[in-house]
Each structure stands twice: as C-alpha cells, then as structure tokens.
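For reference, entry-v5.txt is printed below; it contains compact mmCIF, C-alpha atoms.
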```
# COMPACT_ATOMS: atom_id res chain seq x y z
CA MET A 1 103.54 92.93 61.36
CA GLY A 2 101.48 93.56 64.50
CA ARG A 3 97.80 93.46 65.14
CA TYR A 4 96.95 97.00 64.00
CA SER A 5 96.60 97.93 60.36
CA VAL A 6 98.57 101.10 61.06
CA VAL A 7 102.07 99.61 61.34
CA THR A 8 103.68 102.46 63.26
CA LEU A 9 100.94 102.13 65.90
CA SER A 10 101.63 98.40 66.18
CA LYS A 11 105.31 99.09 66.74
CA LEU A 12 104.53 101.62 69.47
CA VAL A 13 102.12 99.25 71.25
CA GLU A 14 104.68 96.45 71.04
CA GLN A 15 107.29 98.65 72.72
CA PHE A 16 104.99 99.15 75.69
CA GLU A 17 103.86 95.51 75.78
CA ARG A 18 107.43 94.42 76.47
CA MET A 19 107.53 96.50 79.63
CA PRO A 20 107.08 94.85 83.03
CA GLY A 21 103.53 94.86 84.31
CA ILE A 22 102.13 96.15 81.01
CA GLY A 23 99.61 93.89 79.30
CA HIS A 24 98.05 94.46 75.91
CA LYS A 25 95.23 96.73 77.04
CA SER A 26 97.60 98.94 79.04
CA ALA A 27 100.05 99.01 76.16
CA GLN A 28 97.28 100.22 73.87
CA ARG A 29 96.26 102.89 76.38
CA LEU A 30 99.84 104.13 76.72
CA ALA A 31 100.46 104.11 72.97
CA PHE A 32 97.36 106.24 72.40
CA TYR A 33 98.44 108.54 75.20
CA VAL A 34 101.77 109.07 73.41
CA LEU A 35 99.95 109.52 70.10
CA ASN A 36 97.71 112.19 71.62
CA MET A 37 100.65 114.14 73.08
CA THR A 38 101.61 117.29 71.24
CA LYS A 39 104.56 116.92 68.88
CA GLN A 40 106.58 118.94 71.40
CA GLU A 41 105.73 116.61 74.27
CA ALA A 42 106.56 113.55 72.17
CA GLU A 43 109.92 115.03 71.16
CA ASN A 44 110.59 115.79 74.82
CA PHE A 45 109.74 112.24 75.90
CA SER A 46 111.91 110.84 73.12
CA LYS A 47 114.78 113.10 74.16
CA ILE A 48 114.56 112.16 77.84
CA ILE A 49 114.83 108.46 76.93
CA LEU A 50 118.03 109.12 74.98
CA GLU A 51 119.38 111.41 77.71
CA ALA A 52 118.85 108.73 80.32
CA HIS A 53 121.19 106.51 78.35
CA GLU A 54 123.74 109.17 77.55
CA LYS A 55 123.95 110.89 80.91
CA ILE A 56 123.42 108.16 83.48
CA LYS A 57 126.52 106.14 84.27
CA ARG A 58 127.85 104.33 87.34
CA CYS A 59 129.55 106.06 90.23
CA SER A 60 133.25 105.23 90.11
CA VAL A 61 133.21 104.57 93.85
CA CYS A 62 129.98 102.80 94.75
CA CYS A 63 128.61 101.78 91.30
CA ASN A 64 125.25 103.44 92.00
CA LEU A 65 123.61 105.50 89.25
CA ALA A 66 125.33 108.85 88.71
CA GLU A 67 125.47 111.65 86.20
CA ASP A 68 129.07 112.48 87.13
CA GLU A 69 132.20 110.56 88.02
CA LYS A 70 130.86 110.22 91.59
CA CYS A 71 127.22 109.95 92.66
CA PRO A 72 125.65 112.58 94.96
CA ILE A 73 126.06 110.34 98.01
CA CYS A 74 129.76 109.62 97.44
CA LYS A 75 130.34 113.32 96.74
CA ASN A 76 128.68 114.27 100.02
CA ASP A 77 131.35 114.83 102.68
CA SER A 78 128.84 114.68 105.52
CA ARG A 79 128.14 110.99 104.76
CA ASP A 80 129.82 108.51 107.08
CA LYS A 81 132.39 106.79 104.89
CA SER A 82 133.36 104.29 107.60
CA ILE A 83 130.22 102.26 106.91
CA ILE A 84 129.09 100.75 103.61
CA CYS A 85 125.65 99.28 102.98
CA VAL A 86 125.93 96.71 100.18
CA VAL A 87 122.78 96.30 98.06
CA GLU A 88 121.80 94.49 94.87
CA ASP A 89 120.19 97.30 92.90
CA PRO A 90 119.99 101.13 92.70
CA ARG A 91 116.34 100.85 93.72
CA ASP A 92 117.46 99.47 97.08
CA VAL A 93 119.52 102.63 97.66
CA ILE A 94 116.41 104.69 96.89
CA ALA A 95 114.45 102.61 99.42
CA PHE A 96 117.03 103.05 102.19
CA GLU A 97 117.39 106.76 101.49
CA ARG A 98 113.66 107.20 102.01
CA THR A 99 114.07 106.15 105.65
CA HIS A 100 116.30 109.18 106.30
CA GLU A 101 117.82 106.98 109.00
CA TYR A 102 121.11 105.97 107.38
CA ASN A 103 124.02 108.33 106.94
CA GLY A 104 126.66 105.89 105.66
CA THR A 105 127.55 105.08 102.06
CA TYR A 106 126.38 102.32 99.72
CA HIS A 107 127.76 99.82 97.27
CA VAL A 108 125.56 98.56 94.43
CA LEU A 109 126.32 95.05 93.17
CA HIS A 110 123.91 95.27 90.17
CA GLY A 111 122.81 91.68 90.78
CA VAL A 112 123.46 88.64 92.94
CA ILE A 113 125.58 85.53 92.55
CA SER A 114 123.25 83.11 90.78
CA PRO A 115 124.82 80.03 89.22
CA MET A 116 121.45 78.98 87.80
CA ASN A 117 121.39 82.20 85.77
CA GLY A 118 125.06 82.06 84.91
CA ILE A 119 125.92 85.01 87.16
CA GLY A 120 129.21 84.55 88.98
CA PRO A 121 131.07 86.76 91.46
CA GLU A 122 132.97 88.35 88.58
CA ASP A 123 129.67 89.52 87.01
CA ILE A 124 128.74 91.74 89.94
CA THR A 125 130.72 94.64 91.42
CA ILE A 126 132.66 92.74 94.07
CA LYS A 127 136.02 93.84 92.62
CA GLU A 128 135.01 97.50 92.98
CA LEU A 129 133.88 96.86 96.56
CA LEU A 130 137.24 95.34 97.52
CA ALA A 131 139.04 98.27 95.87
CA ARG A 132 137.09 100.73 98.06
CA ILE A 133 137.85 98.92 101.24
CA GLY A 134 141.52 99.13 100.40
CA ASP A 135 141.30 102.93 100.03
CA ASP A 136 138.82 103.95 102.68
CA GLU A 137 138.63 104.07 106.42
CA VAL A 138 135.93 101.42 106.30
CA LYS A 139 134.99 99.91 109.63
CA GLU A 140 131.71 98.13 108.90
CA VAL A 141 130.07 96.60 105.86
CA ILE A 142 126.33 95.86 106.09
CA MET A 143 125.25 93.07 103.77
CA ALA A 144 121.85 94.29 102.63
CA THR A 145 121.25 91.92 99.74
CA ASN A 146 117.69 90.56 99.49
CA PRO A 147 116.55 87.90 101.99
CA THR A 148 116.47 85.26 99.26
CA VAL A 149 118.60 82.18 98.66
CA GLU A 150 120.87 84.02 96.24
CA GLY A 151 120.93 87.17 98.33
CA GLU A 152 121.98 85.14 101.35
CA ALA A 153 124.63 83.21 99.40
CA THR A 154 126.03 86.47 98.01
CA ALA A 155 126.16 87.96 101.52
CA MET A 156 128.05 84.92 102.80
CA TYR A 157 130.47 84.93 99.85
CA ILE A 158 131.35 88.60 100.31
CA SER A 159 131.60 88.40 104.10
CA ARG A 160 134.14 85.59 103.74
CA LEU A 161 136.25 87.87 101.53
CA LEU A 162 135.97 90.81 103.93
CA LYS A 163 136.42 89.16 107.34
CA PRO A 164 140.18 88.60 106.95
CA MET A 165 140.52 92.36 106.37
CA GLY A 166 139.48 92.97 109.95
CA ILE A 167 136.21 94.67 109.01
CA THR A 168 132.93 94.17 110.86
CA VAL A 169 130.50 92.47 108.51
CA SER A 170 126.83 92.58 109.46
CA ARG A 171 123.57 91.34 107.91
CA LEU A 172 120.16 93.01 107.93
CA ALA A 173 117.84 91.57 110.54
CA TYR A 174 115.18 89.10 109.43
CA GLY A 175 111.87 89.24 111.20
CA VAL A 176 108.24 90.19 111.11
CA PRO A 177 107.60 93.44 109.21
CA VAL A 178 106.34 96.32 111.33
CA GLY A 179 102.55 96.49 111.19
CA ALA A 180 102.13 92.88 110.11
CA GLU A 181 100.04 90.33 111.98
CA LEU A 182 101.85 87.25 113.20
CA GLU A 183 99.21 84.79 112.08
CA TYR A 184 99.80 85.82 108.46
CA ALA A 185 103.59 85.52 108.62
CA ASP A 186 105.15 82.52 106.88
CA GLU A 187 106.93 79.84 108.90
CA VAL A 188 110.43 80.67 107.68
CA THR A 189 110.05 84.33 108.64
CA LEU A 190 108.67 83.39 112.05
CA THR A 191 111.53 80.99 112.62
CA LYS A 192 114.01 83.71 111.74
CA ALA A 193 112.19 86.14 114.01
CA LEU A 194 112.58 83.73 116.92
CA GLU A 195 116.23 83.02 116.13
CA GLY A 196 117.04 86.72 115.97
CA ARG A 197 115.28 87.65 119.17
CA ARG A 198 116.86 90.34 121.33
CA THR A 199 116.76 90.68 125.08
CA ILE A 200 114.55 93.51 126.22
CA MET W 1 113.74 118.83 90.58
CA GLY W 2 112.18 115.44 91.24
CA ARG W 3 112.60 112.99 94.05
CA TYR W 4 115.73 111.25 92.78
CA SER W 5 119.17 112.75 93.21
CA VAL W 6 119.98 111.72 89.65
CA VAL W 7 118.01 114.39 87.76
CA THR W 8 117.77 112.58 84.44
CA LEU W 9 116.24 109.60 86.23
CA SER W 10 113.68 111.89 87.88
CA LYS W 11 112.72 113.30 84.51
CA LEU W 12 112.27 109.82 83.06
CA VAL W 13 110.14 108.65 86.00
CA GLU W 14 108.01 111.81 85.74
CA GLN W 15 107.34 111.08 82.06
CA PHE W 16 105.89 107.69 82.95
CA GLU W 17 104.00 108.99 86.00
CA ARG W 18 101.93 111.24 83.75
CA MET W 19 100.66 108.24 81.81
CA PRO W 20 97.20 106.87 82.48
CA GLY W 21 97.11 104.02 84.99
CA ILE W 22 100.76 104.49 85.93
CA GLY W 23 101.42 105.29 89.58
CA HIS W 24 104.77 106.14 91.12
CA LYS W 25 105.91 102.55 91.71
CA SER W 26 105.04 101.51 88.15
CA ALA W 27 106.71 104.63 86.78
CA GLN W 28 109.89 103.74 88.65
CA ARG W 29 109.74 100.16 87.36
CA LEU W 30 109.29 101.36 83.76
CA ALA W 31 112.04 103.97 84.05
CA PHE W 32 114.49 101.36 85.26
CA TYR W 33 113.38 99.03 82.48
CA VAL W 34 114.23 101.74 79.94
CA LEU W 35 117.53 102.43 81.74
CA ASN W 36 118.46 98.74 81.56
CA MET W 37 117.70 98.50 77.83
CA THR W 38 120.73 98.42 75.55
CA LYS W 39 121.59 101.75 73.95
CA GLN W 40 120.31 100.32 70.68
CA GLU W 41 116.94 99.37 72.17
CA ALA W 42 116.58 102.79 73.79
CA GLU W 43 117.37 104.53 70.49
CA ASN W 44 114.81 102.30 68.79
CA PHE W 45 112.13 103.11 71.37
CA SER W 46 112.92 106.82 71.09
CA LYS W 47 112.69 106.62 67.29
CA ILE W 48 109.36 104.79 67.33
CA ILE W 49 107.85 107.53 69.51
CA LEU W 50 108.93 110.19 67.01
CA GLU W 51 107.80 108.08 64.05
CA ALA W 52 104.35 107.67 65.56
CA HIS W 53 104.01 111.43 65.47
CA GLU W 54 105.53 111.92 62.05
CA LYS W 55 103.87 109.08 60.19
CA ILE W 56 100.42 108.75 61.73
CA LYS W 57 97.86 111.19 60.38
CA ARG W 58 94.11 111.15 59.83
CA CYS W 59 92.44 109.43 56.92
CA SER W 60 91.10 112.11 54.56
CA VAL W 61 87.82 110.20 54.28
CA CYS W 62 86.93 108.75 57.68
CA CYS W 63 89.37 110.58 60.02
CA ASN W 64 90.64 107.31 61.49
CA LEU W 65 94.38 106.87 62.03
CA ALA W 66 96.28 106.34 58.80
CA GLU W 67 99.80 106.38 57.48
CA ASP W 68 98.65 107.46 54.02
CA GLU W 69 96.07 109.81 52.58
CA LYS W 70 93.45 107.07 53.13
CA CYS W 71 93.38 104.47 55.90
CA PRO W 72 93.50 100.73 55.06
CA ILE W 73 89.74 100.38 55.51
CA CYS W 74 88.82 103.26 53.20
CA LYS W 75 91.34 101.98 50.64
CA ASN W 76 89.78 98.53 50.73
CA ASP W 77 87.34 98.18 47.82
CA SER W 78 85.69 95.10 49.29
CA ARG W 79 84.35 97.18 52.21
CA ASP W 80 80.68 98.13 51.96
CA LYS W 81 80.71 101.89 51.44
CA SER W 82 76.92 102.18 51.69
CA ILE W 83 77.10 101.89 55.48
CA ILE W 84 79.09 104.06 57.89
CA CYS W 85 79.62 103.26 61.58
CA VAL W 86 80.26 106.52 63.44
CA VAL W 87 82.48 106.19 66.53
CA GLU W 88 84.15 108.52 69.01
CA ASP W 89 87.71 107.22 68.93
CA PRO W 90 90.12 105.09 66.82
CA ARG W 91 90.09 102.52 69.60
CA ASP W 92 86.41 101.93 68.92
CA VAL W 93 87.26 101.03 65.31
CA ILE W 94 89.83 98.55 66.63
CA ALA W 95 87.17 97.04 68.89
CA PHE W 96 84.61 96.63 66.10
CA GLU W 97 87.20 95.23 63.70
CA ARG W 98 88.01 92.50 66.24
CA THR W 99 84.48 91.13 65.85
CA HIS W 100 85.14 90.38 62.16
CA GLU W 101 81.37 90.84 61.80
CA TYR W 102 81.21 94.27 60.17
CA ASN W 103 82.15 94.94 56.59
CA GLY W 104 81.08 98.57 56.29
CA THR W 105 83.20 101.69 56.77
CA TYR W 106 83.71 103.96 59.77
CA HIS W 107 83.83 107.58 60.70
CA VAL W 108 85.86 108.71 63.72
CA LEU W 109 84.63 111.85 65.50
CA HIS W 110 87.69 112.13 67.80
CA GLY W 111 85.47 113.09 70.71
CA VAL W 112 81.88 113.86 71.63
CA ILE W 113 79.83 117.03 71.96
CA SER W 114 80.42 118.07 75.55
CA PRO W 115 79.43 121.63 76.51
CA MET W 116 80.81 121.09 80.00
CA ASN W 117 84.25 120.49 78.52
CA GLY W 118 83.90 123.22 75.91
CA ILE W 119 83.63 120.75 73.04
CA GLY W 120 81.09 121.82 70.43
CA PRO W 121 79.97 120.19 67.18
CA GLU W 122 82.65 122.14 65.30
CA ASP W 123 85.37 120.53 67.43
CA ILE W 124 84.63 117.00 66.25
CA THR W 125 84.61 115.68 62.68
CA ILE W 126 80.97 116.28 61.82
CA LYS W 127 81.86 118.47 58.84
CA GLU W 128 83.94 115.67 57.33
CA LEU W 129 81.08 113.22 57.90
CA LEU W 130 78.61 115.41 56.04
CA ALA W 131 81.10 115.83 53.19
CA ARG W 132 81.33 112.05 52.81
CA ILE W 133 77.60 111.57 52.69
CA GLY W 134 77.40 114.09 49.88
CA ASP W 135 79.98 112.10 47.85
CA ASP W 136 79.14 108.50 48.62
CA GLU W 137 76.36 106.08 47.98
CA VAL W 138 75.62 106.04 51.69
CA LYS W 139 72.39 104.33 52.71
CA GLU W 140 72.79 103.86 56.45
CA VAL W 141 74.71 105.56 59.23
CA ILE W 142 75.06 103.65 62.52
CA MET W 143 75.53 105.97 65.49
CA ALA W 144 78.00 103.99 67.59
CA THR W 145 79.06 106.68 70.04
CA ASN W 146 79.39 105.53 73.68
CA PRO W 147 76.19 104.82 75.67
CA THR W 148 76.81 107.87 77.86
CA VAL W 149 74.95 111.15 78.21
CA GLU W 150 77.30 112.93 75.81
CA GLY W 151 77.47 109.95 73.44
CA GLU W 152 73.69 109.88 73.29
CA ALA W 153 73.42 113.65 72.79
CA THR W 154 76.00 113.50 69.99
CA ALA W 155 74.11 110.64 68.32
CA MET W 156 70.88 112.65 68.45
CA TYR W 157 72.52 115.81 67.12
CA ILE W 158 74.06 114.02 64.16
CA SER W 159 70.95 112.01 63.35
CA ARG W 160 68.95 115.25 63.16
CA LEU W 161 71.43 116.51 60.57
CA LEU W 162 71.32 113.30 58.54
CA LYS W 163 67.61 112.43 58.55
CA PRO W 164 66.62 115.16 56.05
CA MET W 165 69.14 113.65 53.62
CA GLY W 166 66.99 110.54 53.39
CA ILE W 167 69.56 108.29 55.04
CA THR W 168 68.68 105.55 57.54
CA VAL W 169 70.17 106.49 60.90
CA SER W 170 70.42 103.71 63.48
CA ARG W 171 71.75 103.45 67.04
CA LEU W 172 73.59 100.54 68.66
CA ALA W 173 71.35 98.41 70.85
CA TYR W 174 71.49 98.88 74.59
CA GLY W 175 71.05 95.81 76.77
CA VAL W 176 72.64 93.25 79.01
CA PRO W 177 76.13 92.23 77.88
CA VAL W 178 76.46 88.64 76.70
CA GLY W 179 77.64 86.43 79.54
CA ALA W 180 76.54 88.83 82.26
CA GLU W 181 74.19 87.91 85.08
CA LEU W 182 71.00 89.89 85.33
CA GLU W 183 71.14 90.38 89.07
CA TYR W 184 74.39 92.35 88.67
CA ALA W 185 73.13 94.61 85.91
CA ASP W 186 72.32 98.20 86.85
CA GLU W 187 68.77 99.51 86.73
CA VAL W 188 69.27 101.83 83.76
CA THR W 189 70.71 99.02 81.64
CA LEU W 190 67.90 96.68 82.65
CA THR W 191 65.33 99.33 81.78
CA LYS W 192 66.90 99.81 78.37
CA ALA W 193 67.02 96.03 77.88
CA LEU W 194 63.28 95.84 78.50
CA GLU W 195 62.52 98.81 76.25
CA GLY W 196 64.57 97.35 73.40
CA ARG W 197 63.06 93.88 73.60
CA ARG W 198 62.50 92.03 70.34
CA THR W 199 59.80 89.53 69.53
CA ILE W 200 61.10 85.99 69.29
```
Whole structure, structure tokens version:
Amino acid sequence: MGRYSVVTLSKLVEQFERMPGIGHKSAQRLAFYVLNMTKQEAENFSKIILEAHEKIKRCSVCCNLAEDEKCPICKNDSRDKSIICVVEDPRDVIAFERTHEYNGTYHVLHGVISPMNGIGPEDITIKELLARIGDDEVKEVIMATNPTVEGEATAMYISRLLKPMGITVSRLAYGVPVGAELEYADEVTLTKALEGRRTI
Amino acid sequence: MGRYSVVTLSKLVEQFERMPGIGHKSAQRLAFYVLNMTKQEAENFSKIILEAHEKIKRCSVCCNLAEDEKCPICKNDSRDKSIICVVEDPRDVIAFERTHEYNGTYHVLHGVISPMNGIGPEDITIKELLARIGDDEVKEVIMATNPTVEGEATAMYISRLLKPMGITVSRLAYGVPVGAELEYADEVTLTKALEGRRTI
C-alpha cells in the first residue's frame, strides 16, 4: 500500500526508490518535483520515457544504442573501420568518445561472461562481433572490457576466438591513473604498472 | 540537441538533470536504468507519472494532497478538529504524521509570504484557512511554518488575523534538536533556546 496515505503518491515515490543511488528521502524529493511540474511538463516527461523505449534500439553492426538501423558512429564514413574497440556497455562508448582521441569503431557486448550470474558467451554480442569481422576490413580489435576478473576473462575468451583469424588483438593498458599519487594506489594496480612498463 | 548522439537518450538524461539533487552522472545512471527497464515497466512508470497529475488534487478543507474531495486526515472523524497545525508544504504533514504524536488536523499553505519572490498572502492558502475557522469548532491554531525569516513573518501575519477571532495561536518551540551537542549549535538557535527556557 505504501507509506503515504495518498496512494498515487506512494506509487510515484516507490518508482523512484527503485532507482540506483536513490534512497527514500531523494525519492520523496523527486516525486514532489514531478508532482509540482505543470501538467504539460509531466506529460512531456511521461512521453520521453515511452519514446526512449520505442525509438532506441541496437545498431545492427556494433550493437550500440541507435535510433536507426545503424548508429551514428557506424554510419560515419570518416571513422576508421579497420579497428574495433570492444566494450561492455554503451556508457563505455560515451566515455571513450569524450576523449576525442579515438577514430575507430566500437562493439558493445552488453555485459561480460559471468558464470556466477549465469551469463555465458551466447548471452553477450560475441556472435555479432564475429559476423562483423567476417565482413569488414578489420585489422585490430582492442579488448576494452573492464579491468575486473570477468572483464579480463571475457577479453581472453574473445581474443582466443579472434587470433586464428589473423587479427591483432590488444588489451587496454593497466596502470596508475593520470593525476593519482602512487602511495594511494592498490598493490595489484602497482604490480600491473610495473609489469606493463615501457622503455623511455 | 544534447550531448549524446542518440537524441532520445539526450532528452531522457536532460529530464533527470533538471531534478533536484541530480547531477549529470546521476542523470545518466537513471536514464540508463529507465532504458534497461522492460517495456512493461517503462509503460508503468510513464503511467504513474500521468496518474499523479490526474488523481492528486488538494483537499477542499485543509489543502493537503488528496485523491478525493477531502484528504484522509480530514475524512477521519477520530482526528481532533479543534486544533489545526498550519504548515508550508505537504511534506511537513508527512513529517508530523511520522511522530504519531499529533491527533489534530492540518492546513497546508503551499508556500510562505515572500515579497522578494513575489509571493503575497493571496498566493498561499490563507483564505481557505479563514474559511475553515468560520465553520469549525477551532480552539487552537499552531503556526508550524519553517523557522526562517519568511516562515516567521508568515506566522506573525496569520496570527494577527486569527487573534481577533478569539482563537489561541501558538508557535512551534525553537531550541536545540534532541541528540545534538550544544557546542555545535549556532548562536541564533542557542539564543532562542535560552529565551524559550521552561521552569523544571
């Protein structure tokens, strides 16, 4: 029934409470914000939520978010299609794009191989990745999954599939983040930073 | 146009960014949460937003939020209608109700008198309050507006209107919050705590 005597308010607060990073007080604040919108603004918000579900699909090439058959990056002929940066999530594409330093294409797995969570290779977009490499003039695939146990395992799994195809498979460098202080870095990161050292 | 190449995503993130306490990173997190809902869940969320606007009105007696002509508190005959607790906002009613220590009724002003913000007495529900006091067997009105300059001014304004009607007008006590440590209290609060001291 909810903790407010006005049931519709309870339902609205509950919707926000389910959201990541939103506790009860924040949920209440957001629900009242929505309540205090004009009817027009509320209808607009409601419409945008539905539109997000109707209009946003997956790019048929790279599986990133797209409103058309192909996403803006795959449609862009000035992108270097010989190199694919494989990531776990659309948010990783957004992060890389913010650097303005990468002109290749992406592939979004929408997850990682995680036996503990019942996610196998068939549950992420590996099939679509292999299909692309068949079609394209792909020379290098960068494994940019997260530097976690599952991210690493997924990178290894995919690289073993790709190596026989004569493609260069690379992995993002591990190391100390720029601007960090060494004494605060954890031991695993420091070890990796030493292992990956490059001659000046 | 927004900072994401997928326009609908930009629009969704922007909706969340406007919300209080939601910065860009949180807005992105919430937008993706909505995107990853099932279509059913998204339609449900969208519907609840519209319902909040269609179904929630103001109680004809106390101006609190209500789904009917009268709110649950005003409909409740076991509430003590001889005492009215006047507050600024529906959230204040929620806060008082959580104490389970007050059995009177409320009146929600939906704001405070604030000349700086162009809010005059006619812009808050003073008229409705006076109408109630004409009808009811009201003996006491507690001015429970916020302990701020405008809250205080509003309390004074309303009490001057009510006094001639022979009603007891009271004001919430100022003082140190329970559980606080004196050395961290501000000087104004400490001064008020001294002024409002009660004989043991």
Got a sec to pull out which chain A residues are within 9 Å of chain W, counting only C-alpha atoms, and send them as a PDB file with C-alpha atoms, in the coordinates of the input?
```
ATOM      1  CA  TYR A   4      96.950  97.000  64.000  1.00  0.00           C
ATOM      2  CA  SER A   5      96.600  97.930  60.360  1.00  0.00           C
ATOM      3  CA  VAL A   6      98.570 101.100  61.060  1.00  0.00           C
ATOM      4  CA  VAL A   7     102.070  99.610  61.340  1.00  0.00           C
ATOM      5  CA  THR A   8     103.680 102.460  63.260  1.00  0.00           C
ATOM      6  CA  LEU A   9     100.940 102.130  65.900  1.00  0.00           C
ATOM      7  CA  LYS A  11     105.310  99.090  66.740  1.00  0.00           C
ATOM      8  CA  LEU A  12     104.530 101.620  69.470  1.00  0.00           C
ATOM      9  CA  GLN A  15     107.290  98.650  72.720  1.00  0.00           C
ATOM     10  CA  MET A  19     107.530  96.500  79.630  1.00  0.00           C
ATOM     11  CA  PRO A  20     107.080  94.850  83.030  1.00  0.00           C
ATOM     12  CA  GLY A  21     103.530  94.860  84.310  1.00  0.00           C
ATOM     13  CA  SER A  26      97.600  98.940  79.040  1.00  0.00           C
ATOM     14  CA  GLN A  28      97.280 100.220  73.870  1.00  0.00           C
ATOM     15  CA  ARG A  29      96.260 102.890  76.380  1.00  0.00           C
ATOM     16  CA  LEU A  30      99.840 104.130  76.720  1.00  0.00           C
ATOM     17  CA  ALA A  31     100.460 104.110  72.970  1.00  0.00           C
ATOM     18  CA  PHE A  32      97.360 106.240  72.400  1.00  0.00           C
ATOM     19  CA  TYR A  33      98.440 108.540  75.200  1.00  0.00           C
ATOM     20  CA  VAL A  34     101.770 109.070  73.410  1.00  0.00           C
ATOM     21  CA  LEU A  35      99.950 109.520  70.100  1.00  0.00           C
ATOM     22  CA  ASN A  36      97.710 112.190  71.620  1.00  0.00           C
ATOM     23  CA  MET A  37     100.650 114.140  73.080  1.00  0.00           C
ATOM     24  CA  THR A  38     101.610 117.290  71.240  1.00  0.00           C
ATOM     25  CA  LYS A  39     104.560 116.920  68.880  1.00  0.00           C
ATOM     26  CA  ALA A  42     106.560 113.550  72.170  1.00  0.00           C
ATOM     27  CA  GLU A  43     109.920 115.030  71.160  1.00  0.00           C
ATOM     28  CA  PHE A  45     109.740 112.240  75.900  1.00  0.00           C
ATOM     29  CA  SER A  46     111.910 110.840  73.120  1.00  0.00           C
ATOM     30  CA  LYS A  47     114.780 113.100  74.160  1.00  0.00           C
ATOM     31  CA  ILE A  48     114.560 112.160  77.840  1.00  0.00           C
ATOM     32  CA  ILE A  49     114.830 108.460  76.930  1.00  0.00           C
ATOM     33  CA  LEU A  50     118.030 109.120  74.980  1.00  0.00           C
ATOM     34  CA  GLU A  51     119.380 111.410  77.710  1.00  0.00           C
ATOM     35  CA  ALA A  52     118.850 108.730  80.320  1.00  0.00           C
ATOM     36  CA  HIS A  53     121.190 106.510  78.350  1.00  0.00           C
ATOM     37  CA  GLU A  54     123.740 109.170  77.550  1.00  0.00           C
ATOM     38  CA  LYS A  55     123.950 110.890  80.910  1.00  0.00           C
ATOM     39  CA  ILE A  56     123.420 108.160  83.480  1.00  0.00           C
ATOM     40  CA  LEU A  65     123.610 105.500  89.250  1.00  0.00           C
ATOM     41  CA  ALA A  66     125.330 108.850  88.710  1.00  0.00           C
ATOM     42  CA  GLU A  67     125.470 111.650  86.200  1.00  0.00           C
ATOM     43  CA  CYS A  71     127.220 109.950  92.660  1.00  0.00           C
ATOM     44  CA  PRO A  72     125.650 112.580  94.960  1.00  0.00           C
ATOM     45  CA  ILE A  73     126.060 110.340  98.010  1.00  0.00           C
ATOM     46  CA  ARG A  91     116.340 100.850  93.720  1.00  0.00           C
ATOM     47  CA  ILE A  94     116.410 104.690  96.890  1.00  0.00           C
TER      48      ILE A  94
END
```
Students should find that atom CA of Tyr102 of chain W and atom CA of Ala27 of chain A are spaced 25.2 Å
Exercise for the section: Write out as a PyMOL selection string each polymer residue whose atoms come within 10 Å of segment 128-139 of chain A, counting all atoms listed in the file; drop sequence neighbours fewer than 6 positions from it. Expected result: chain A and resi 60-63+80-84+86+106-109+158+161-162+165-169
From atom CA of Met116 of chain A to atom CA of Ala193 of chain A the spacing works out at 28.7 Å
List as an mmCIF file with C-alpha atoms, in the frame of the given file the protein and nucleic acid residues near Glu195 of chain W, meaning an atom at most 12 Å away when all atoms listed in the file are counted, but skip any in the same chain fewer than 3 places from it.
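This is the output file selection.cif:
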```cif
data_model
loop_
_atom_site.group_PDB
_atom_site.id
_atom_site.type_symbol
_atom_site.label_atom_id
_atom_site.label_comp_id
_atom_site.auth_asym_id
_atom_site.auth_seq_id
_atom_site.Cartn_x
_atom_site.Cartn_y
_atom_site.Cartn_z
ATOM 1 C CA ALA W 173 71.350 98.410 70.850
ATOM 2 C CA TYR W 174 71.490 98.880 74.590
ATOM 3 C CA GLY W 175 71.050 95.810 76.770
ATOM 4 C CA VAL W 176 72.640 93.250 79.010
ATOM 5 C CA VAL W 188 69.270 101.830 83.760
ATOM 6 C CA THR W 189 70.710 99.020 81.640
ATOM 7 C CA LEU W 190 67.900 96.680 82.650
ATOM 8 C CA THR W 191 65.330 99.330 81.780
ATOM 9 C CA LYS W 192 66.900 99.810 78.370
ATOM 10 C CA ARG W 198 62.500 92.030 70.340
ATOM 11 C CA THR W 199 59.800 89.530 69.530
#
```
Between atom CA of Leu172 of chain W and atom CA of Ile142 of chain W lies a distance of 7.0 Å
Using only C-alpha atoms, the best pick from W:Ile124, W:Val87, W:Cys74, W:Ile119 as closest to Gly104 of chain W would be W:Cys74
Between W:Asn103, W:Val178, W:Phe96, W:Glu122, smallest distance to Arg79 of chain W by all atoms listed in the file belongs to W:Asn103
Hey, could you patch up segment 42-53 of chain W with N, CA and C atoms and hand it over as an mmCIF file, keeping the file's coordinate frame?
```cif
data_model
loop_
_atom_site.group_PDB
_atom_site.id
_atom_site.type_symbol
_atom_site.label_atom_id
_atom_site.label_comp_id
_atom_site.auth_asym_id
_atom_site.auth_seq_id
_atom_site.Cartn_x
_atom_site.Cartn_y
_atom_site.Cartn_z
ATOM 1 N N ALA W 42 117.081 101.492 73.351
ATOM 2 C CA ALA W 42 116.580 102.790 73.790
ATOM 3 C C ALA W 42 116.447 103.734 72.592
ATOM 4 N N GLU W 43 117.444 103.693 71.692
ATOM 5 C CA GLU W 43 117.370 104.530 70.490
ATOM 6 C C GLU W 43 116.193 104.117 69.629
ATOM 7 N N ASN W 44 115.922 102.819 69.577
ATOM 8 C CA ASN W 44 114.810 102.300 68.790
ATOM 9 C C ASN W 44 113.474 102.773 69.376
ATOM 10 N N PHE W 45 113.344 102.678 70.682
ATOM 11 C CA PHE W 45 112.130 103.110 71.370
ATOM 12 C C PHE W 45 111.910 104.605 71.125
ATOM 13 N N SER W 46 112.969 105.377 71.287
ATOM 14 C CA SER W 46 112.920 106.820 71.090
ATOM 15 C C SER W 46 112.485 107.142 69.660
ATOM 16 N N LYS W 47 113.010 106.382 68.700
ATOM 17 C CA LYS W 47 112.690 106.620 67.290
ATOM 18 C C LYS W 47 111.235 106.289 66.986
ATOM 19 N N ILE W 48 110.735 105.208 67.582
ATOM 20 C CA ILE W 48 109.360 104.790 67.330
ATOM 21 C C ILE W 48 108.369 105.828 67.850
ATOM 22 N N ILE W 49 108.720 106.476 68.968
ATOM 23 C CA ILE W 49 107.850 107.530 69.510
ATOM 24 C C ILE W 49 107.772 108.688 68.514
ATOM 25 N N LEU W 50 108.925 109.079 67.967
ATOM 26 C CA LEU W 50 108.930 110.190 67.010
ATOM 27 C C LEU W 50 108.214 109.794 65.718
ATOM 28 N N GLU W 51 108.449 108.567 65.272
ATOM 29 C CA GLU W 51 107.800 108.080 64.050
ATOM 30 C C GLU W 51 106.290 108.090 64.173
ATOM 31 N N ALA W 52 105.798 107.702 65.353
ATOM 32 C CA ALA W 52 104.350 107.670 65.560
ATOM 33 C C ALA W 52 103.776 109.057 65.277
ATOM 34 N N HIS W 53 104.515 110.077 65.695
ATOM 35 C CA HIS W 53 104.010 111.430 65.470
ATOM 36 C C HIS W 53 104.208 111.917 64.049
#
```
